[in-house]
Structures are given as C-alpha cells and as structure tokens.
Amino acid sequence: MQFKHPELLYALFLLVIPILIHLFQLRRFQKVQFTNVKFLKAVKLQTRKSSQLKKWLTLLTRMFILASAIIAFAQPFIPNTENFNDTQETVIYLDNSYSMQAKGKNGTLLNEAIQDIINTLPEDEDFSLFTNTQTFKNTTIKALKNDLIQLNFSPTQLNYDALILKGKQLFSKDGTSTKNLVLVSDFQTKDTPLIFETDSSFNLKLVQPKSVLASNISIDSVYIANTTAETLDLNVKLSNQGTSVENVTISLFNEETLLAKSAVDINNNAEATFTIPNNIIINGKLVIEDVGLQYDNTFYFNISAKPKIKVLAINENTPDNFLRRIYTTDEFNYQSFNLKALNFNLIPDQNLIVLNELETISEALKMALYRFKEDGGHILITPSNSINLGAYNQLFKTLKIPYFKALYNTVKRITTINYNHPLLTNAFYSKVTNFQYPKAERSYTLTSTTNSILSYEDGSPFLSGNFGAYAFSSALNIKNSNFKNSPLIVPVLYNIGKQSLKLPELYYTIAQPNKIAVNATLGQDDILTLSSDDASVIPLQKTYSKSVVLETEDYPNTAGILNVKNKETLLQKLSFNYKRNESDLNYHDIEAIKGASADNSLASTINDIKSNTTINALWKWFVIFALVFLIIEILLLKYLK
C-alpha cells in the first residue's frame, strides 16, 4: 500500500492526545452542597474495575476514528502495475486507406476506430495520432475531434516500416516514460510481409478491427477489344473477393446519360462487353451495385478523338511498300519522299521520321533531325549496305545511340526478343519461343549491346535504341534480309509509330507516376492546368513545339474526370481511378506476430494503456472505518453500563 500524501501521516502523533486525556483524567469536579447525609444512600456506588473497561473501549474507538481520518486524508492506494508512476506516451496510427471502408458491427471499420478514440480517451489527455495523409502531434481529443469526424479515406497507405519509423519520431526523448505505439489497421495480406523488428524502446500494440463482409466486387480495368468503322467493343474486367455473387448489374454512363446496362454472375473473375458507337467522344463511367467496399464500385474512362500520327519516310533507292502496309491511313498520316525531293520544312511537323536505307546523311539533314529529336520527335534508322560510316556515326552521336563499326558478310539469325524493353511492352500476348527466325546476310556491329530490342544468335543487336531513337544494324531489303516477311516486323514497327505520339490512355491510376501527352501548341508564358469542379492545380509539365507532357502522381487524389485547360480553353478530359489493391478481403493473423500485443478492439487497447496508470484507491474505506468506529463509540457511551 502506498500513499498519495504520505506527509499527512505525521498527524498520527496526535493519537497521543486521547491517551494523555485518558491517563490523567483532566476533568474538573463539581461541588454539590447538601445538608443531610441521608442523601448519600441514594448514590449508586461503582467499583473502579467496572468503570475502567468502558473507559478503555472508548479510548480505543476514539483512537481508531482519529487514525482512520488521518489515513483517509493521506489517500492510500494499491498500484495495478509496477510502472504505474511512469509518464505514459501514446502514439496512434489510424489506417484510413480504402480497405477500411469494410463494414464492421457499427459502421465502417474506420468510423468504429474513430468512435473508440473519441469515447475512450480523456478529453484533455495528450497523445499523438497520424494517418496515411495527416499527422497530429501532442494534441487532445478536444482539439482533434472535428478533424477525426471529417477524416477522409486515402488512396495511399504507408508501408509497415514507414509506420514504425514515423511513430518513433512522434515520441519524446524522455527516457523514463513508457511509450506505446498503437497501429490500427485491417492488415491486408499484400505484397509486403507483416514483420516487425523487436524494439525495447516502446510497446507495440496491433489493433485489427474485424470486417463482416462476405464478398466484395470491384471493377478492375477497362479496355477496347475490337474496333470497326462504326462500333467498338468496350470490355470490363471485374473481380470478386469472397463468396460467389449472381446477377451483378453493370451500368455504363456517358457523363450523366445512361448508355447501356449488363449483368454478370461472378465467382472469382468475370468480364462484360459493351458495344458502343465508334464516332463519338465518351466521358464514361461504369457503376456496379455491390454492398462491399464502395470506392471500387465506380470506374472512369475517356474515349477521345484520336489524331492521326504523322510519319515521314525519307528514301533513296529502296522502295517503302512495307512501311505503307504498316502505317495505314486509319491511324497514321503517312508521307514518303525521296531524299533529293525532300522539303525540310516538313520535318518539324512529324511525329516519326524513318530513314529508309540512305547511303549518307548530309549536315543539313543531320541538324534538322537533331532539332526534331530535341523537340520530342522519334527517329527510326535502317542503313543500306554501303553507308558513309562517319556521317551515320555523327548522327548517332547526337542521338546518343550506339555507333556502327564494320560491316560483316556473315549470315546471322535473329533469335532473341527483349520483352522487357519499353518498346515491346504489351506488344505480345505471351513470350514467343518457337517462331521462324528471320536472318540477315550482312550486318553492322555496334559499339554497345545496351538497349537491344532484337538480337542475333551471337548476342549482337539487330535493333537497338531507346528514348525515341532506334536503329537497325542491317538493311531490310529482300536481298539482304527476310525480316520484312517475319511476323516480328508488324508489332515492332507499329509500336515505334504508336509510341512516337503518346495519345491519352483510357484512364490513369492515382498515386503512381503518370506521363500524359497533350496535343497543344502553347504560347511562351502559357501553362496547362488540371481542374475539377472543386479544385485546380498546375502539374509538372514539359512543353514541346507540338505537345505538352504532363506528369502526375500525388495529384489528383480523388477519382473522377478532370479537365485539361489552357487558361479557360478546354483541351481534353482525363480520367483517374484508385488502385484496386485495397479490394482484397484477406488479412494477416496478427496473433502470430512476435514482439507485439494483438487485439481487435481499439477501446480495449486504450483501456489497457490507461490501466497501467490507474490505482486502487483505499481512502473511501478508511472514511467508512472512521464512521463505523464513531457509531461504536456512541453505542458504548449510551448502552454500556
């Protein structure tokens, strides 16, 4: 037993006073005059022994009364823990990612945690709290209550290492205090394993609210499958976590106009197809009816008018029929000129320039190509079998691609495809392993094998390049190579043409880097903005003569369709959607985590922390004891004869 005010115990010396009174009987006797001794017979004699017992009992009760009162004022208590007297520091991480939209027993998991914080923590008790987007250091519930009630969901989530690091930064440097880091999350089973290193500087407490969801359906992606002159097929991919669901309704909107509806049964995955006109601009929205997580029930996309990509072929003695068959008029604006008849003023307006087996490159053409490349243009070079090696290598030096060395008259087969090269991303449905290898009779060796796209069997490059400049190491005419008849030529050259003008995608994903090319010619001081009904922001941007490349990552942070504007002029619209990795309903077993305590109730965890500083107060019992002994004394004086 300990005392809150032990100095008051010195008052116990006052117990000497009733003892002294009892011993010395400091009482003045009253004289009574009477005239006749016959009245003495009426006095009841008491022996000394009979009165002594009553006096001792009265003395003891009075001493107990005084002692109980003194001890009550000293406030005795029994501590619940050994470190009850330490300063308690509490830092709470509150996961506000979209997976916390899952339904619990009393609303969403996030709202349950917020209510536990508001209802359990004392209003004036200091603590720190941080979420995926905000940090509140050394605050109180009284100051934080409105912010908690208005807390929004976040499209991003801190990884576990960042949680520990940030939580430790919010603790003070007081080495004598007891530090408690509380992580409140559903702890989804994502790519990152749930491992926490043991750290004796704080107590780690994991709180995992339980969801009651049996399934969750999400729209994962949208793509165009088939296209004709009149229609296109829009395919919608859906996934389901949990039990199978039948007859899921999918609605397709163009802005606020309902275009079509469909329904699918879904076990794990499903796909729905909408056939829509090919000649209209659609600012689309797909909506499903699902009682699970709400953030993944809506998907935004745009189908915009696509400008034709401008391709210019510069020839000398080699026909360009194979280029015309690839760069068709439905997607490309293809032009072809002989080098002697070339108008150099056409070069800056192109997106892709193909040097088709030129023997030499003049200084004027080299400078024009250099300026074209610096302005964002793309270049594809196919050499002839008799080139001016010095002129070519001067151009390669300005384009920062490997140089040509000697021409070798050795037949080589083209056997290797670099599927990881940016040019071939999504160009093949699967890796081709048994195709008929094309070959080249004569080819140039290059000074480097880096950025190889297609390679010979000896590892030397057949096609290499990056960042908008590509070069074959061999002539493509039928006398030198059968590559024109290979199935590889179409995806390779088509991708070079398509990537020369970065057209807007159907949609972009929030919280990941995006580079978006916007076809616009800006004035010297003009800038592009991304705007919605509520906000407007200026993203990072690089301006070229024919386009502007926008770079987004942190903004926007809300899914929807945004306007790209030059001042007040609307240039186009872009759609942004949340990542779908928060849709998973599989969770870690936090009971198996070593070095941390686990619970599924934040209120219970907070109460456990508070119990470390609580005590069993005993002063009320001593007040009761004083009253009991007072009653005993009254009874002794009244009834004990």
# chains A, B, ... in the order shown; residues from 1 in each chain; ligands from 1
$ residues_around --residues "Thr120 in chain A" --least-positions-apart "2" --cutoff "9 Å" --atoms "only C-alpha atoms" --output "JSON, numbers by chain"
{"A": [115, 116, 117, 118, 122, 123, 602, 603, 604, 606, 607]}
$ select_by_dssp --residues "range 275-502 of chain A" --states "strand (DSSP E)" --output "PyMOL selection string"
chain A and resi 275-277+282-288+298-303+309-315+332-338+352-356+378-382+404-408+412-417+439-440+443-446+452-456+461-466+469-472
$ atom_distance --atom1 "CA of Thr318 in chain A" --atom2 "CA of Leu395 in chain A"
20.6 Å
$ closest_residue --among "A:Ile141, A:Lys366, A:Asn466, A:Lys306" --to "Ser452 in chain A" --atoms "only C-alpha atoms"
A:Asn466
$ closest_residue --among "A:Asp533, A:Asp186, A:Glu568, A:Glu246" --to "Ser215 in chain A" --atoms "only C-alpha atoms"
A:Glu246
$ residues_around --residues "Leu550 in chain A" --least-positions-apart "6" --cutoff "6 Å" --atoms "only C-alpha atoms" --output "MDAnalysis selection string"
chainID A and resid 515:516 540:541
$ write_last_selection --atoms "N, CA and C atoms" --output "short mmCIF file (atom, residue, chain, number, x, y, z; two decimals), in the first residue's frame"
data_model
loop_
_atom_site.label_atom_id
_atom_site.label_comp_id
_atom_site.auth_asym_id
_atom_site.auth_seq_id
_atom_site.Cartn_x
_atom_site.Cartn_y
_atom_site.Cartn_z
N LYS A 515 2.77 9.86 -67.11
CA LYS A 515 3.20 10.84 -68.11
C LYS A 515 2.14 10.89 -69.20
N ILE A 516 1.54 12.06 -69.37
CA ILE A 516 0.39 12.21 -70.25
C ILE A 516 0.71 13.26 -71.31
N LEU A 540 3.39 19.17 -63.01
CA LEU A 540 4.67 19.25 -63.70
C LEU A 540 4.46 19.01 -65.18
N GLN A 541 5.15 19.78 -66.03
CA GLN A 541 4.91 19.66 -67.46
C GLN A 541 6.15 20.05 -68.25
#
$ residues_around --residues "Gln88 in chain A" --least-positions-apart "6" --cutoff "8 Å" --atoms "only C-alpha atoms" --output "ChimeraX atom specification"
/A:177-180,613
$ select_by_dssp --residues "range 257-375 of chain A" --states "helix (DSSP H, G or I)" --output "ChimeraX atom specification"
/A:295-297,321-326,339-341,344-349,363-374
$ residues_around --residues "range 333-347 of chain A" --least-positions-apart "5" --cutoff "8 Å" --atoms "only C-alpha atoms" --output "PyMOL selection string"
chain A and resi 308-316+320+324+327-328+353+365+368-369+372
$ write_last_selection --atoms "N, CA and C atoms" --output "mmCIF file, in the first residue's frame"
data_model
loop_
_atom_site.group_PDB
_atom_site.id
_atom_site.type_symbol
_atom_site.label_atom_id
_atom_site.label_comp_id
_atom_site.auth_asym_id
_atom_site.auth_seq_id
_atom_site.Cartn_x
_atom_site.Cartn_y
_atom_site.Cartn_z
ATOM 1 N N LYS A 308 -4.363 11.552 -85.990
ATOM 2 C CA LYS A 308 -3.517 10.618 -86.721
ATOM 3 C C LYS A 308 -2.044 10.945 -86.488
ATOM 4 N N ILE A 309 -1.266 9.897 -86.363
ATOM 5 C CA ILE A 309 0.169 10.046 -86.117
ATOM 6 C C ILE A 309 0.855 10.319 -87.454
ATOM 7 N N LYS A 310 1.705 11.341 -87.466
ATOM 8 C CA LYS A 310 2.366 11.757 -88.700
ATOM 9 C C LYS A 310 3.702 11.038 -88.846
ATOM 10 N N VAL A 311 3.828 10.292 -89.945
ATOM 11 C CA VAL A 311 5.041 9.530 -90.231
ATOM 12 C C VAL A 311 5.600 9.995 -91.568
ATOM 13 N N LEU A 312 6.884 10.300 -91.579
ATOM 14 C CA LEU A 312 7.565 10.735 -92.799
ATOM 15 C C LEU A 312 8.708 9.778 -93.088
ATOM 16 N N ALA A 313 8.671 9.134 -94.284
ATOM 17 C CA ALA A 313 9.745 8.236 -94.713
ATOM 18 C C ALA A 313 10.629 8.961 -95.720
ATOM 19 N N ILE A 314 11.927 8.897 -95.494
ATOM 20 C CA ILE A 314 12.900 9.508 -96.403
ATOM 21 C C ILE A 314 13.668 8.369 -97.071
ATOM 22 N N ASN A 315 13.494 8.236 -98.397
ATOM 23 C CA ASN A 315 14.043 7.112 -99.145
ATOM 24 C C ASN A 315 15.127 7.601 -100.104
ATOM 25 N N GLU A 316 15.858 6.601 -100.584
ATOM 26 C CA GLU A 316 16.841 6.930 -101.616
ATOM 27 C C GLU A 316 16.668 5.997 -102.808
ATOM 28 N N ASP A 320 9.389 1.631 -100.307
ATOM 29 C CA ASP A 320 8.863 1.707 -98.924
ATOM 30 C C ASP A 320 7.491 1.057 -98.801
ATOM 31 N N ARG A 324 4.221 1.411 -95.890
ATOM 32 C CA ARG A 324 2.838 1.819 -96.194
ATOM 33 C C ARG A 324 1.824 0.806 -95.671
ATOM 34 N N TYR A 327 1.849 1.488 -91.645
ATOM 35 C CA TYR A 327 1.341 2.803 -91.231
ATOM 36 C C TYR A 327 0.162 3.184 -92.113
ATOM 37 N N THR A 328 -0.982 2.556 -91.816
ATOM 38 C CA THR A 328 -2.182 2.702 -92.638
ATOM 39 C C THR A 328 -2.930 3.996 -92.311
ATOM 40 N N ILE A 353 10.064 9.942 -88.036
ATOM 41 C CA ILE A 353 10.789 10.020 -89.304
ATOM 42 C C ILE A 353 11.561 8.725 -89.483
ATOM 43 N N LEU A 365 20.639 17.685 -93.098
ATOM 44 C CA LEU A 365 19.658 16.712 -92.611
ATOM 45 C C LEU A 365 19.974 16.315 -91.177
ATOM 46 N N ALA A 368 18.731 19.048 -88.915
ATOM 47 C CA ALA A 368 17.270 19.049 -88.869
ATOM 48 C C ALA A 368 16.757 17.899 -88.012
ATOM 49 N N LEU A 369 17.383 16.728 -88.118
ATOM 50 C CA LEU A 369 16.966 15.577 -87.313
ATOM 51 C C LEU A 369 17.287 15.789 -85.838
ATOM 52 N N PHE A 372 14.702 18.072 -84.486
ATOM 53 C CA PHE A 372 13.444 17.311 -84.429
ATOM 54 C C PHE A 372 13.417 16.397 -83.208
#
$ closest_residue --among "A:Leu637, A:Leu12, A:Ile561, A:Leu352" --to "Leu59 in chain A" --atoms "only C-alpha atoms"
A:Leu637
$ closest_atom_pairs --of "range 338-405 of chain A" --to "range 436-445 of chain A" --cutoff "10 Å" --atoms "only C-alpha atoms" --output "tab-separated table"
residue	atom	partner	partner_atom	distance
A:Pro383	CA	A:Tyr444	CA	9.0
A:Ser384	CA	A:Ser443	CA	9.6
A:Asn385	CA	A:Arg442	CA	7.5
A:Pro402	CA	A:Thr445	CA	9.6
A:Tyr403	CA	A:Thr445	CA	8.4
A:Phe404	CA	A:Thr445	CA	5.9
A:Lys405	CA	A:Thr445	CA	5.3
$ atom_distance --atom1 "CA of Ala272 in chain A" --atom2 "CA of Val236 in chain A"
5.1 Å
$ closest_residue --among "A:Leu129, A:Leu204, A:Thr410, A:Leu14" --to "Ile593 in chain A" --atoms "only C-alpha atoms"
A:Leu204
